[in-house]
Structures are given as C-alpha cells and as structure tokens.
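Read the structure below first, then the notes.
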Amino acid sequence: MKIEISTITDNKLIAYNIWKMKIDAPSIVKQYLGAGQFIQILVQSSWNSPLRRPMSIASVNNNEISIIYKIFGEMTRILSEKVPGDKLDILGPLGNTFVSDKKNAIPVMVGGGVGLAPILNMHNEYLSQNNNAILILGARSADEHFLQHDPDNGIYLSTDDGSAGVKGTVINAMDKYLDNIENIEIFSCGPEPMLKAVQQYAINKKIPAKISVESYMGCGIGICQGCVVERPNNNQSENSYHEKYSLVCIDGPVYKSEEVIIV
Ligand SMILES: Cc1cc2nc3c(=O)[nH]c(=O)nc-3n(C[C@H](O)[C@H](O)[C@H](O)COP(=O)(O)OP(=O)(O)OC[C@H]3O[C@@H](n4cnc5c(N)ncnc54)[C@H](O)[C@@H]3O)c2cc1C
C-alpha cells in the first residue's frame with residue numbers, strides 16, 4: 001500500500017452521470033494484485049471533507065489505472081471537473097481480489113450501479129487470457145450503459161425500463177440466460193439490493209458466488225471501523241466482535257457470498 005501523488009491523464013463522461021478517469025500511478029500499479037482491489041482518493045484536503053473516497057480499480061495498463069465513477073455528492077462532482085495534468089493524492093492498492101474457487105467453471109460476472117468497475121476489470125482480465133466469461137450488467141435505462149447488449153459474445157444488459165437488453169434487473173437476465181448453462185461460478189458487485197438478490201439467486205440454484213461489498217468507508221485501512229458488515233455467526237459470545245463483524249476495507253471487499261449478511 002502506497003500514498004502516491006498521481007497525475008490524471010484523462011477524465012471523460014462515458015454514459016449518463018458516469019465518468020471514466022485515467023491516472024498515471026506507477027507505484028500503485030507495481031503493487032496491484034488484480035480485479036476487486038480499490039484505491040482511496042483524497043479529493044480535497046480540507047476540514048470540510050477530510051475523508052478519502054473509495055473507488056474500485058477498473059483497469060490497469062502499463063503505469064496507468066482507471067476508475068469508473070458516478071456523481072453522488074460533492075467529492076465525485078469535484079472529481080468530474082478534474083482535467084489531464086491535475087494531481088490526485090491516492091492511497092492503494094487496497095483490499096483483496098476476485099479469485100475463482102471452482103475449477104473449470106464458467107465465470108458469470110454480474111455488475112450494477114457503481115459496482116460495474118471491478119466487474120469490468122475482472123471480465124477484461126479473463127478475456128485477455130482467452131478465457132470464457134459471461135458478463136451481465138444492470139442499469140436503470142439504456143443511457144446509463146456504455147456497452148452494447150451482445151449475447152453472441154456473452155454480454156447481457158438489463159434495464160429497469162426495458163430500453164436496452166432484458167427488461168428488469170440483473171436477476172431477470174440471469175433467469176433468462178443462465179438456466180441452461182452448467183458449471184458456473186458467480187462474481188458480483190453492485191448496490192446492496194442487487195447483491196442481496198444475487199446472494200439469494202446463488203443459494204436457490206446452489207451456485208458458488210463471490211460478492212464485492214461497497215459499504216460506507218472512512219480510512220480504508222482498518223482503523224476507523226466504519227465499514228463493518230455482519231457475518232452470519234450469530235451464536236458467538238458477545239465479546240467476539242471479529243467473529244460477528246468483518247471490516248470490508250481489510251477483510252474484503254470480496255467475500256464468499258455466504259460469509260456476509262447484506263441488509
Ligand atoms: C470499496 C468501494 C469501492 C467503490 N468503488 C466505486 C466505483 O468504482 N465507482 C463509484 O462511482 N463509486 C464507488 N464507490 C462508492 C463511492 O466511494 C461513493 O459514491 C463516493 O464516496 C461518494 O462520495 P461523494 O462525496 O461524491 O458523495 P457523498 O456526499 O459522500 O455521498 C452522497 C450520497 O451518496 C450515497 N453514498 C455515498 N457513498 C456510498 C456508499 N459507499 N454506498 C452507498 N451509498 C453511498 C449516499 O446516499 C450519500 O448520501 C465505492 C465504495 C467502496 C466502499
């Protein structure tokens with residue numbers, strides 16, 4: 001893990017309210033382990049906003065990393081106004097990676113909302129090694145998607161309003177396209193309701209799944225205890241805090257689906 005004063009090389013709107021930024025960050029690239037990892041960005045060093053903002057790494061290319069982000073509040077708005085050449089204080093790489101536990105399984109990568117970034121990263125890593133992979137991405141409508149629905153190449157989109165791909169959520173797309181495929185393993189990242197639904201889908205169909213949890217986060221390095229998720233160990237004694245809860249920043253963000261309770 002490093003703090004690096006990096007240089008922005010590109011920052012573009014790629015879909016409705018969604019931006020892609022490229023950052024020259026050689027020290028962080030050197031320590032990068034794979035899709036799932038994230039960085040913490042100090043967008044503004046001031047008492048009004050002392051906390052860094054977590055962003056998943058969407059790709060790594062030579063000395064450059066990219067992030068894909070949605071404008072939610074003040075810091076992501078300020079990020080969108082940055083231009084090539086601006087400096088950015090980033091901490092990373094942080095967290096663990098998506099790793100397959102099932103030999104020869106076909107990976108099904110499911111992303112939604114701002115959870116697209118690590119899923120796209122994993123998908124590109126698989127394709128670059130000529131491995132088979134299925135990508136399912138959900139959004140509210142077509143203008144939030146920047147890829148095309150392309151079933152011939154294993155890319156399936158869903159939209160709440162039916163304006164692209166399958167009408168409904170990623171679960172509707174999974175129901176439609178996965179039922180006849182044997183030996184799959186699910187990897188997912190997205191908003192909590194989506195992750196909960198994917199978790200349930202995996203339980204119902206007895207499919208192994210890994211999920212990346214994007215909980216609110218303060219420090220990103222295990223000190224502030226701000227990003228806890230509950231583990232399903234309810235019968236532990238009251239003092240066994242770490243048996244009951246997990247810190248997303250240092251234990252995650254990627255978990256086996258059955259390891260955490262999504263509320
Ligand atoms: C490990 C991790 C990886 C992430 N990766 C990405 C990414 O690749 N791309 C991306 O766009 N975002 C990502 N996020 C979320 C991102 O960090 C927040 O959107 C960002 O911090 C918001 O900052 P802000 O100042 O713009 O908004 P704030 O003013 O901090 O928040 C505005 C509103 O956004 C919502 N919000 C903010 N943070 C979260 C959160 N973590 N979970 C749910 N709702 C939230 C709340 O409703 C809040 O009121 C990630 C979060 C985590 C923990």
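In the structure tokens, the first chain shown is A, the next is B, and so on; residue numbers restart at 1 for each chain, and ligands run from 1 in the order shown.
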Spatial neighbours of Thr7 (chain A), max dist 10 Å, only C-alpha atoms, sep filter under 3 positions, as a PyMOL selection string: chain A and resi 4+10+22-25+64+83-89
Residues contacting ligand 1 - anything with an atom at most 6 Å away, using only C-alpha atoms and all ligand atoms - can you give me those as an mmCIF file with all heavy atoms, in the first residue's frame?
data_model
loop_
_atom_site.group_PDB
_atom_site.id
_atom_site.type_symbol
_atom_site.label_atom_id
_atom_site.label_comp_id
_atom_site.auth_asym_id
_atom_site.auth_seq_id
_atom_site.Cartn_x
_atom_site.Cartn_y
_atom_site.Cartn_z
ATOM 1 N N PHE A 38 -9.124 -1.725 -4.705
ATOM 2 C CA PHE A 38 -9.600 -0.346 -4.842
ATOM 3 C C PHE A 38 -8.543 0.640 -4.354
ATOM 4 O O PHE A 38 -7.522 0.242 -3.791
ATOM 5 C CB PHE A 38 -10.930 -0.163 -4.101
ATOM 6 C CG PHE A 38 -10.867 -0.354 -2.602
ATOM 7 C CD1 PHE A 38 -10.779 0.730 -1.752
ATOM 8 C CD2 PHE A 38 -10.890 -1.619 -2.031
ATOM 9 C CE1 PHE A 38 -10.721 0.573 -0.370
ATOM 10 C CE2 PHE A 38 -10.831 -1.806 -0.658
ATOM 11 C CZ PHE A 38 -10.743 -0.700 0.176
ATOM 12 N N ARG A 53 -12.183 9.053 -0.630
ATOM 13 C CA ARG A 53 -13.326 8.380 -1.238
ATOM 14 C C ARG A 53 -12.844 7.092 -1.917
ATOM 15 O O ARG A 53 -11.924 7.133 -2.758
ATOM 16 C CB ARG A 53 -14.008 9.276 -2.277
ATOM 17 C CG ARG A 53 -14.642 10.537 -1.684
ATOM 18 C CD ARG A 53 -15.716 10.167 -0.682
ATOM 19 N NE ARG A 53 -16.614 11.259 -0.365
ATOM 20 C CZ ARG A 53 -16.489 12.051 0.704
ATOM 21 N NH1 ARG A 53 -15.473 11.885 1.524
ATOM 22 N NH2 ARG A 53 -17.381 12.986 0.944
ATOM 23 N N PRO A 54 -13.448 5.941 -1.554
ATOM 24 C CA PRO A 54 -13.032 4.681 -2.171
ATOM 25 C C PRO A 54 -13.540 4.529 -3.611
ATOM 26 O O PRO A 54 -14.692 4.855 -3.886
ATOM 27 C CB PRO A 54 -13.657 3.613 -1.265
ATOM 28 C CG PRO A 54 -14.791 4.287 -0.568
ATOM 29 C CD PRO A 54 -14.508 5.756 -0.550
ATOM 30 N N MET A 55 -12.680 4.065 -4.490
ATOM 31 C CA MET A 55 -13.051 3.791 -5.893
ATOM 32 C C MET A 55 -12.366 2.502 -6.331
ATOM 33 O O MET A 55 -11.151 2.345 -6.158
ATOM 34 C CB MET A 55 -12.565 4.918 -6.817
ATOM 35 C CG MET A 55 -13.314 6.216 -6.657
ATOM 36 S SD MET A 55 -14.993 6.085 -7.316
ATOM 37 C CE MET A 55 -15.748 7.470 -6.485
ATOM 38 N N SER A 56 -13.136 1.607 -6.941
ATOM 39 C CA SER A 56 -12.551 0.351 -7.439
ATOM 40 C C SER A 56 -11.642 0.624 -8.624
ATOM 41 O O SER A 56 -11.898 1.549 -9.408
ATOM 42 C CB SER A 56 -13.659 -0.596 -7.896
ATOM 43 O OG SER A 56 -14.491 -0.877 -6.819
ATOM 44 N N ILE A 67 -10.495 4.467 -13.192
ATOM 45 C CA ILE A 67 -11.669 4.279 -12.329
ATOM 46 C C ILE A 67 -12.901 4.676 -13.145
ATOM 47 O O ILE A 67 -12.802 5.491 -14.069
ATOM 48 C CB ILE A 67 -11.599 5.134 -11.032
ATOM 49 C CG1 ILE A 67 -11.442 6.632 -11.349
ATOM 50 C CG2 ILE A 67 -10.478 4.661 -10.131
ATOM 51 C CD1 ILE A 67 -11.636 7.536 -10.134
ATOM 52 N N ILE A 68 -14.036 4.063 -12.806
ATOM 53 C CA ILE A 68 -15.305 4.447 -13.429
ATOM 54 C C ILE A 68 -16.200 4.884 -12.282
ATOM 55 O O ILE A 68 -16.397 4.127 -11.326
ATOM 56 C CB ILE A 68 -15.927 3.265 -14.197
ATOM 57 C CG1 ILE A 68 -15.028 2.889 -15.376
ATOM 58 C CG2 ILE A 68 -17.333 3.610 -14.681
ATOM 59 C CD1 ILE A 68 -15.446 1.636 -16.099
ATOM 60 N N TYR A 69 -16.698 6.114 -12.338
ATOM 61 C CA TYR A 69 -17.426 6.614 -11.173
ATOM 62 C C TYR A 69 -18.682 7.376 -11.569
ATOM 63 O O TYR A 69 -18.799 7.892 -12.675
ATOM 64 C CB TYR A 69 -16.517 7.493 -10.297
ATOM 65 C CG TYR A 69 -16.012 8.745 -10.978
ATOM 66 C CD1 TYR A 69 -16.646 9.976 -10.768
ATOM 67 C CD2 TYR A 69 -14.914 8.712 -11.832
ATOM 68 C CE1 TYR A 69 -16.194 11.133 -11.383
ATOM 69 C CE2 TYR A 69 -14.465 9.864 -12.459
ATOM 70 C CZ TYR A 69 -15.102 11.062 -12.237
ATOM 71 O OH TYR A 69 -14.657 12.202 -12.856
ATOM 72 N N LYS A 70 -19.598 7.384 -10.594
ATOM 73 C CA LYS A 70 -20.880 8.051 -10.766
ATOM 74 C C LYS A 70 -20.876 9.258 -9.840
ATOM 75 O O LYS A 70 -20.352 9.172 -8.727
ATOM 76 C CB LYS A 70 -21.966 7.070 -10.286
ATOM 77 C CG LYS A 70 -23.256 7.177 -10.999
ATOM 78 C CD LYS A 70 -24.151 6.024 -10.608
ATOM 79 C CE LYS A 70 -25.339 5.999 -11.525
ATOM 80 N NZ LYS A 70 -26.113 4.806 -11.462
ATOM 81 N N ILE A 71 -21.471 10.360 -10.269
ATOM 82 C CA ILE A 71 -21.534 11.516 -9.382
ATOM 83 C C ILE A 71 -22.654 11.300 -8.362
ATOM 84 O O ILE A 71 -23.822 11.179 -8.731
ATOM 85 C CB ILE A 71 -21.764 12.822 -10.161
ATOM 86 C CG1 ILE A 71 -20.609 13.030 -11.152
ATOM 87 C CG2 ILE A 71 -21.884 14.011 -9.207
ATOM 88 C CD1 ILE A 71 -20.711 14.283 -11.980
ATOM 89 N N PHE A 72 -22.236 11.186 -7.077
ATOM 90 C CA PHE A 72 -23.208 11.010 -5.994
ATOM 91 C C PHE A 72 -23.342 12.274 -5.170
ATOM 92 O O PHE A 72 -24.418 12.688 -4.805
ATOM 93 C CB PHE A 72 -22.763 9.871 -5.061
ATOM 94 C CG PHE A 72 -23.367 8.558 -5.432
ATOM 95 C CD1 PHE A 72 -22.580 7.519 -5.906
ATOM 96 C CD2 PHE A 72 -24.728 8.341 -5.288
ATOM 97 C CE1 PHE A 72 -23.136 6.303 -6.249
ATOM 98 C CE2 PHE A 72 -25.290 7.130 -5.631
ATOM 99 C CZ PHE A 72 -24.495 6.107 -6.113
ATOM 100 N N GLY A 73 -22.203 12.873 -4.818
ATOM 101 C CA GLY A 73 -22.205 14.037 -3.933
ATOM 102 C C GLY A 73 -21.068 14.967 -4.320
ATOM 103 O O GLY A 73 -20.584 14.961 -5.460
ATOM 104 N N GLU A 74 -20.612 15.720 -3.335
ATOM 105 C CA GLU A 74 -19.667 16.792 -3.596
ATOM 106 C C GLU A 74 -18.318 16.291 -4.150
ATOM 107 O O GLU A 74 -17.780 16.841 -5.112
ATOM 108 C CB GLU A 74 -19.479 17.573 -2.277
ATOM 109 C CG GLU A 74 -18.705 18.846 -2.364
ATOM 110 C CD GLU A 74 -19.270 19.886 -3.344
ATOM 111 O OE1 GLU A 74 -20.367 19.698 -3.896
ATOM 112 O OE2 GLU A 74 -18.560 20.875 -3.572
ATOM 113 N N MET A 75 -17.768 15.243 -3.545
ATOM 114 C CA MET A 75 -16.416 14.843 -3.955
ATOM 115 C C MET A 75 -16.386 14.214 -5.354
ATOM 116 O O MET A 75 -15.459 14.442 -6.126
ATOM 117 C CB MET A 75 -15.792 13.879 -2.924
ATOM 118 C CG MET A 75 -15.481 14.526 -1.597
ATOM 119 S SD MET A 75 -14.459 16.010 -1.749
ATOM 120 C CE MET A 75 -15.539 17.247 -1.059
ATOM 121 N N THR A 76 -17.398 13.438 -5.681
ATOM 122 C CA THR A 76 -17.423 12.875 -7.037
ATOM 123 C C THR A 76 -17.718 13.978 -8.064
ATOM 124 O O THR A 76 -17.233 13.920 -9.194
ATOM 125 C CB THR A 76 -18.431 11.705 -7.151
ATOM 126 O OG1 THR A 76 -19.627 12.030 -6.440
ATOM 127 C CG2 THR A 76 -17.853 10.421 -6.592
ATOM 128 N N VAL A 114 -22.552 1.554 -9.408
ATOM 129 C CA VAL A 114 -21.118 1.844 -9.411
ATOM 130 C C VAL A 114 -20.282 0.575 -9.228
ATOM 131 O O VAL A 114 -19.060 0.622 -9.242
ATOM 132 C CB VAL A 114 -20.739 2.892 -8.349
ATOM 133 C CG1 VAL A 114 -21.408 4.222 -8.647
ATOM 134 C CG2 VAL A 114 -21.070 2.424 -6.949
ATOM 135 N N ALA A 117 -17.280 -1.243 -12.073
ATOM 136 C CA ALA A 117 -15.840 -1.118 -12.304
ATOM 137 C C ALA A 117 -15.042 -2.407 -12.034
ATOM 138 O O ALA A 117 -14.331 -2.884 -12.923
ATOM 139 C CB ALA A 117 -15.284 0.050 -11.501
ATOM 140 N N GLU A 214 -19.631 -2.776 -1.230
ATOM 141 C CA GLU A 214 -19.170 -1.375 -1.234
ATOM 142 C C GLU A 214 -19.840 -0.609 -0.102
ATOM 143 O O GLU A 214 -20.696 0.239 -0.324
ATOM 144 C CB GLU A 214 -19.443 -0.730 -2.592
ATOM 145 C CG GLU A 214 -18.650 -1.401 -3.689
ATOM 146 C CD GLU A 214 -18.629 -0.646 -4.990
ATOM 147 O OE1 GLU A 214 -19.539 0.167 -5.231
ATOM 148 O OE2 GLU A 214 -17.697 -0.888 -5.785
ATOM 149 N N SER A 215 -19.460 -0.937 1.140
ATOM 150 C CA SER A 215 -20.104 -0.246 2.264
ATOM 151 C C SER A 215 -19.447 1.118 2.479
ATOM 152 O O SER A 215 -18.339 1.359 2.010
ATOM 153 C CB SER A 215 -20.026 -1.083 3.534
ATOM 154 O OG SER A 215 -18.725 -1.484 3.778
ATOM 155 N N TYR A 216 -20.134 1.996 3.229
ATOM 156 C CA TYR A 216 -19.540 3.292 3.574
ATOM 157 C C TYR A 216 -18.183 3.043 4.206
ATOM 158 O O TYR A 216 -18.025 2.116 4.980
ATOM 159 C CB TYR A 216 -20.431 4.032 4.565
ATOM 160 C CG TYR A 216 -21.656 4.620 3.932
ATOM 161 C CD1 TYR A 216 -22.870 3.965 3.992
ATOM 162 C CD2 TYR A 216 -21.582 5.833 3.287
ATOM 163 C CE1 TYR A 216 -23.997 4.512 3.412
ATOM 164 C CE2 TYR A 216 -22.712 6.386 2.697
ATOM 165 C CZ TYR A 216 -23.910 5.715 2.769
ATOM 166 O OH TYR A 216 -25.011 6.256 2.190
ATOM 167 N N MET A 217 -17.226 3.884 3.886
ATOM 168 C CA MET A 217 -15.865 3.612 4.350
ATOM 169 C C MET A 217 -15.192 4.912 4.753
ATOM 170 O O MET A 217 -15.333 5.929 4.076
ATOM 171 C CB MET A 217 -15.115 2.967 3.185
ATOM 172 C CG MET A 217 -13.838 2.321 3.574
ATOM 173 S SD MET A 217 -13.196 1.366 2.177
ATOM 174 C CE MET A 217 -14.191 -0.119 2.242
ATOM 175 N N PRO A 253 -12.780 -6.096 -0.185
ATOM 176 C CA PRO A 253 -14.241 -6.053 -0.294
ATOM 177 C C PRO A 253 -14.876 -7.334 -0.836
ATOM 178 O O PRO A 253 -16.080 -7.462 -0.829
ATOM 179 C CB PRO A 253 -14.472 -4.890 -1.275
ATOM 180 C CG PRO A 253 -13.255 -4.860 -2.136
ATOM 181 C CD PRO A 253 -12.120 -5.263 -1.232
#
Which of region 74-146 of chain A fall in helix (DSSP H, G or I), as a PyMOL selection string: chain A and resi 74-80+113-128+142-144
Residue nearest Pro151 (chain A) - candidates A:Gly165, A:Gly112, A:Gly220, A:Gly92, atoms counted: only C-alpha atoms: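 When distances to Pro151 (chain A) are compared using only C-alpha atoms, the smallest one comes from A:Gly165.
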12 Å contact set for Ala133 (chain A), only C-alpha atoms, chain neighbours under 4 positions out, as an NGL selection string: :A and (104-110 or 119-120 or 122-129 or 151-156 or 181 or 184-187)
Which residues of region 83-145 of chain A come within 7 Å of region 28-37 of chain A, and for each one, what is the closest pair of atoms and their distance in Å to one decimal, counting only C-alpha atoms, sorted by chain and residue number, as JSON lines?
{"residue": "A:Gly92", "atom": "CA", "partner": "A:Ile28", "partner_atom": "CA", "distance": 6.0}
{"residue": "A:Pro93", "atom": "CA", "partner": "A:Tyr32", "partner_atom": "CA", "distance": 5.8}
{"residue": "A:Leu94", "atom": "CA", "partner": "A:Gln37", "partner_atom": "CA", "distance": 5.5}
{"residue": "A:Gly95", "atom": "CA", "partner": "A:Gln37", "partner_atom": "CA", "distance": 5.0}
{"residue": "A:Asn96", "atom": "CA", "partner": "A:Gln37", "partner_atom": "CA", "distance": 5.6}
{"residue": "A:Thr97", "atom": "CA", "partner": "A:Gly36", "partner_atom": "CA", "distance": 4.3}
{"residue": "A:Phe98", "atom": "CA", "partner": "A:Gly36", "partner_atom": "CA", "distance": 5.5}
{"residue": "A:Pro118", "atom": "CA", "partner": "A:Gly36", "partner_atom": "CA", "distance": 5.2}
{"residue": "A:Asn121", "atom": "CA", "partner": "A:Ala35", "partner_atom": "CA", "distance": 5.5}
{"residue": "A:Met122", "atom": "CA", "partner": "A:Ala35", "partner_atom": "CA", "distance": 5.1}
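Residues with any atom within 12 Å of Lys206 (chain A), counting only C-alpha atoms and excluding same-chain neighbours fewer than 3 positions away, are Glu182, Asn183, Ile184, Glu185, Ile186, Val198, Gln199, Gln200, Tyr201, Ala202, Ile203, Ala209, Ser257 and Glu258 of chain A.
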Put those residues in a file: all heavy atoms, as an mmCIF file, in the first residue's frame.
data_model
loop_
_atom_site.group_PDB
_atom_site.id
_atom_site.type_symbol
_atom_site.label_atom_id
_atom_site.label_comp_id
_atom_site.auth_asym_id
_atom_site.auth_seq_id
_atom_site.Cartn_x
_atom_site.Cartn_y
_atom_site.Cartn_z
ATOM 1 N N GLU A 182 -24.265 -25.163 -17.504
ATOM 2 C CA GLU A 182 -23.755 -25.974 -16.389
ATOM 3 C C GLU A 182 -22.454 -25.389 -15.856
ATOM 4 O O GLU A 182 -21.739 -24.716 -16.574
ATOM 5 C CB GLU A 182 -23.439 -27.395 -16.908
ATOM 6 C CG GLU A 182 -24.645 -28.154 -17.446
ATOM 7 C CD GLU A 182 -25.497 -28.718 -16.325
ATOM 8 O OE1 GLU A 182 -24.912 -29.272 -15.380
ATOM 9 O OE2 GLU A 182 -26.741 -28.576 -16.412
ATOM 10 N N ASN A 183 -22.141 -25.722 -14.627
ATOM 11 C CA ASN A 183 -20.841 -25.426 -14.023
ATOM 12 C C ASN A 183 -20.453 -23.944 -14.103
ATOM 13 O O ASN A 183 -19.505 -23.580 -14.785
ATOM 14 C CB ASN A 183 -19.757 -26.298 -14.689
ATOM 15 C CG ASN A 183 -18.474 -26.286 -13.874
ATOM 16 O OD1 ASN A 183 -18.496 -26.059 -12.664
ATOM 17 N ND2 ASN A 183 -17.354 -26.494 -14.539
ATOM 18 N N ILE A 184 -21.224 -23.124 -13.414
ATOM 19 C CA ILE A 184 -20.892 -21.702 -13.401
ATOM 20 C C ILE A 184 -20.527 -21.250 -11.986
ATOM 21 O O ILE A 184 -20.833 -21.921 -10.996
ATOM 22 C CB ILE A 184 -22.040 -20.809 -13.947
ATOM 23 C CG1 ILE A 184 -23.319 -21.006 -13.135
ATOM 24 C CG2 ILE A 184 -22.267 -21.056 -15.411
ATOM 25 C CD1 ILE A 184 -24.445 -20.092 -13.573
ATOM 26 N N GLU A 185 -19.862 -20.130 -11.920
ATOM 27 C CA GLU A 185 -19.493 -19.512 -10.640
ATOM 28 C C GLU A 185 -19.791 -18.016 -10.793
ATOM 29 O O GLU A 185 -19.442 -17.412 -11.811
ATOM 30 C CB GLU A 185 -17.997 -19.743 -10.400
ATOM 31 C CG GLU A 185 -17.512 -19.273 -9.057
ATOM 32 C CD GLU A 185 -16.029 -19.609 -8.839
ATOM 33 O OE1 GLU A 185 -15.350 -20.013 -9.806
ATOM 34 O OE2 GLU A 185 -15.562 -19.451 -7.705
ATOM 35 N N ILE A 186 -20.429 -17.426 -9.781
ATOM 36 C CA ILE A 186 -20.863 -16.020 -9.903
ATOM 37 C C ILE A 186 -19.907 -15.086 -9.155
ATOM 38 O O ILE A 186 -19.452 -15.395 -8.051
ATOM 39 C CB ILE A 186 -22.293 -15.868 -9.340
ATOM 40 C CG1 ILE A 186 -23.275 -16.676 -10.181
ATOM 41 C CG2 ILE A 186 -22.720 -14.402 -9.303
ATOM 42 C CD1 ILE A 186 -24.686 -16.760 -9.611
ATOM 43 N N VAL A 198 -28.651 -11.313 -5.729
ATOM 44 C CA VAL A 198 -27.682 -12.247 -6.333
ATOM 45 C C VAL A 198 -27.342 -13.345 -5.317
ATOM 46 O O VAL A 198 -27.266 -14.537 -5.661
ATOM 47 C CB VAL A 198 -26.402 -11.504 -6.798
ATOM 48 C CG1 VAL A 198 -25.297 -12.483 -7.174
ATOM 49 C CG2 VAL A 198 -26.716 -10.578 -7.978
ATOM 50 N N GLN A 199 -27.160 -12.943 -4.063
ATOM 51 C CA GLN A 199 -26.893 -13.909 -2.987
ATOM 52 C C GLN A 199 -28.004 -14.965 -2.938
ATOM 53 O O GLN A 199 -27.745 -16.167 -2.893
ATOM 54 C CB GLN A 199 -26.901 -13.146 -1.656
ATOM 55 C CG GLN A 199 -25.704 -13.353 -0.793
ATOM 56 C CD GLN A 199 -25.809 -12.567 0.522
ATOM 57 O OE1 GLN A 199 -26.827 -11.958 0.854
ATOM 58 N NE2 GLN A 199 -24.731 -12.578 1.266
ATOM 59 N N GLN A 200 -29.263 -14.482 -2.971
ATOM 60 C CA GLN A 200 -30.412 -15.383 -2.896
ATOM 61 C C GLN A 200 -30.474 -16.298 -4.126
ATOM 62 O O GLN A 200 -30.746 -17.489 -4.013
ATOM 63 C CB GLN A 200 -31.706 -14.552 -2.766
ATOM 64 C CG GLN A 200 -32.883 -15.315 -2.208
ATOM 65 C CD GLN A 200 -32.559 -16.062 -0.906
ATOM 66 O OE1 GLN A 200 -32.067 -15.457 0.044
ATOM 67 N NE2 GLN A 200 -32.803 -17.379 -0.876
ATOM 68 N N TYR A 201 -30.192 -15.721 -5.299
ATOM 69 C CA TYR A 201 -30.178 -16.496 -6.542
ATOM 70 C C TYR A 201 -29.167 -17.647 -6.414
ATOM 71 O O TYR A 201 -29.456 -18.799 -6.745
ATOM 72 C CB TYR A 201 -29.796 -15.578 -7.710
ATOM 73 C CG TYR A 201 -29.726 -16.257 -9.052
ATOM 74 C CD1 TYR A 201 -30.815 -16.237 -9.921
ATOM 75 C CD2 TYR A 201 -28.558 -16.912 -9.473
ATOM 76 C CE1 TYR A 201 -30.747 -16.862 -11.159
ATOM 77 C CE2 TYR A 201 -28.489 -17.538 -10.702
ATOM 78 C CZ TYR A 201 -29.588 -17.508 -11.550
ATOM 79 O OH TYR A 201 -29.522 -18.128 -12.778
ATOM 80 N N ALA A 202 -27.981 -17.312 -5.888
ATOM 81 C CA ALA A 202 -26.914 -18.315 -5.767
ATOM 82 C C ALA A 202 -27.314 -19.412 -4.784
ATOM 83 O O ALA A 202 -27.060 -20.597 -5.031
ATOM 84 C CB ALA A 202 -25.619 -17.629 -5.321
ATOM 85 N N ILE A 203 -27.960 -19.014 -3.691
ATOM 86 C CA ILE A 203 -28.402 -20.024 -2.704
ATOM 87 C C ILE A 203 -29.445 -20.939 -3.342
ATOM 88 O O ILE A 203 -29.349 -22.164 -3.284
ATOM 89 C CB ILE A 203 -28.997 -19.338 -1.446
ATOM 90 C CG1 ILE A 203 -27.882 -18.635 -0.669
ATOM 91 C CG2 ILE A 203 -29.725 -20.338 -0.555
ATOM 92 C CD1 ILE A 203 -28.386 -17.701 0.433
ATOM 93 N N ALA A 209 -20.722 -18.356 -5.170
ATOM 94 C CA ALA A 209 -20.696 -16.942 -5.564
ATOM 95 C C ALA A 209 -19.747 -16.154 -4.668
ATOM 96 O O ALA A 209 -19.590 -16.444 -3.484
ATOM 97 C CB ALA A 209 -22.103 -16.350 -5.470
ATOM 98 N N SER A 257 -20.082 -15.446 -0.902
ATOM 99 C CA SER A 257 -21.428 -14.924 -0.699
ATOM 100 C C SER A 257 -22.002 -15.277 0.680
ATOM 101 O O SER A 257 -22.660 -14.468 1.325
ATOM 102 C CB SER A 257 -22.317 -15.462 -1.814
ATOM 103 O OG SER A 257 -23.631 -15.174 -1.571
ATOM 104 N N GLU A 258 -21.704 -16.496 1.155
ATOM 105 C CA GLU A 258 -22.306 -16.936 2.425
ATOM 106 C C GLU A 258 -21.569 -16.387 3.652
ATOM 107 O O GLU A 258 -22.004 -16.589 4.778
ATOM 108 C CB GLU A 258 -22.365 -18.476 2.471
ATOM 109 C CG GLU A 258 -21.026 -19.198 2.480
ATOM 110 C CD GLU A 258 -20.420 -19.409 1.075
ATOM 111 O OE1 GLU A 258 -20.912 -18.793 0.105
ATOM 112 O OE2 GLU A 258 -19.443 -20.180 0.979
#
Those of region 75-233 of chain A in DSSP strand (DSSP E), formatted as a ChimeraX atom specification: /A:87-94,106-112,134-139,155-159,166-167,184-189,209-212,228-230
Test item: residues at most 7 Å from Gly168 (chain A), only C-alpha atoms, excluding those fewer than 6 positions along its chain, as a ChimeraX atom specification: /A:158-162
Include C-alpha atoms and write out the residues we just selected as a JSON list (two decimals), in the first residue's frame.
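Output (result35.json):
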[["chain", "number", "residue", "atom", "x", "y", "z"],
["A", 158, "SER", "CA", -30.65, -5.39, -18.22],
["A", 159, "THR", "CA", -32.55, -2.13, -17.74],
["A", 160, "ASP", "CA", -35.38, -1.36, -15.31],
["A", 161, "ASP", "CA", -37.36, 0.34, -18.10],
["A", 162, "GLY", "CA", -36.56, -2.17, -20.87]]
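Closest to His145 (chain A) among A:Ile223, A:Ala173, A:Leu195, A:Leu116 is A:Leu116, based on only C-alpha atoms.
For the set A:Pro191, A:Gly218, A:Gly138, A:Gly252, the residue with the smallest atom-to-atom gap to Ile171 (chain A) is A:Gly138, counting only C-alpha atoms.
Going from CA of Asn62 (chain A) to CA of Pro26 (chain A) covers 8.0 Å.
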Straight-line distance linking CA of Ile207 (chain A) with CA of Ile262 (chain A), stated in Å to one decimal: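 Separating CA of Ile207 (chain A) from CA of Ile262 (chain A) is a distance of 17.6 Å.
As for CA of Arg77 (chain A) and CA of Asn17 (chain A), they are spaced 9.9 Å apart.
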Residue with smallest distance to Tyr16 (chain A) - pool A:Trp47, A:Phe146, A:Tyr177, A:Tyr245, counting only C-alpha atoms: A:Phe146
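Considering the residues A:Ile90, A:Val166, A:Ile65, A:Lys20 and counting only C-alpha atoms, Gln44 (chain A) has its shortest atom-to-atom contact with A:Ile90.
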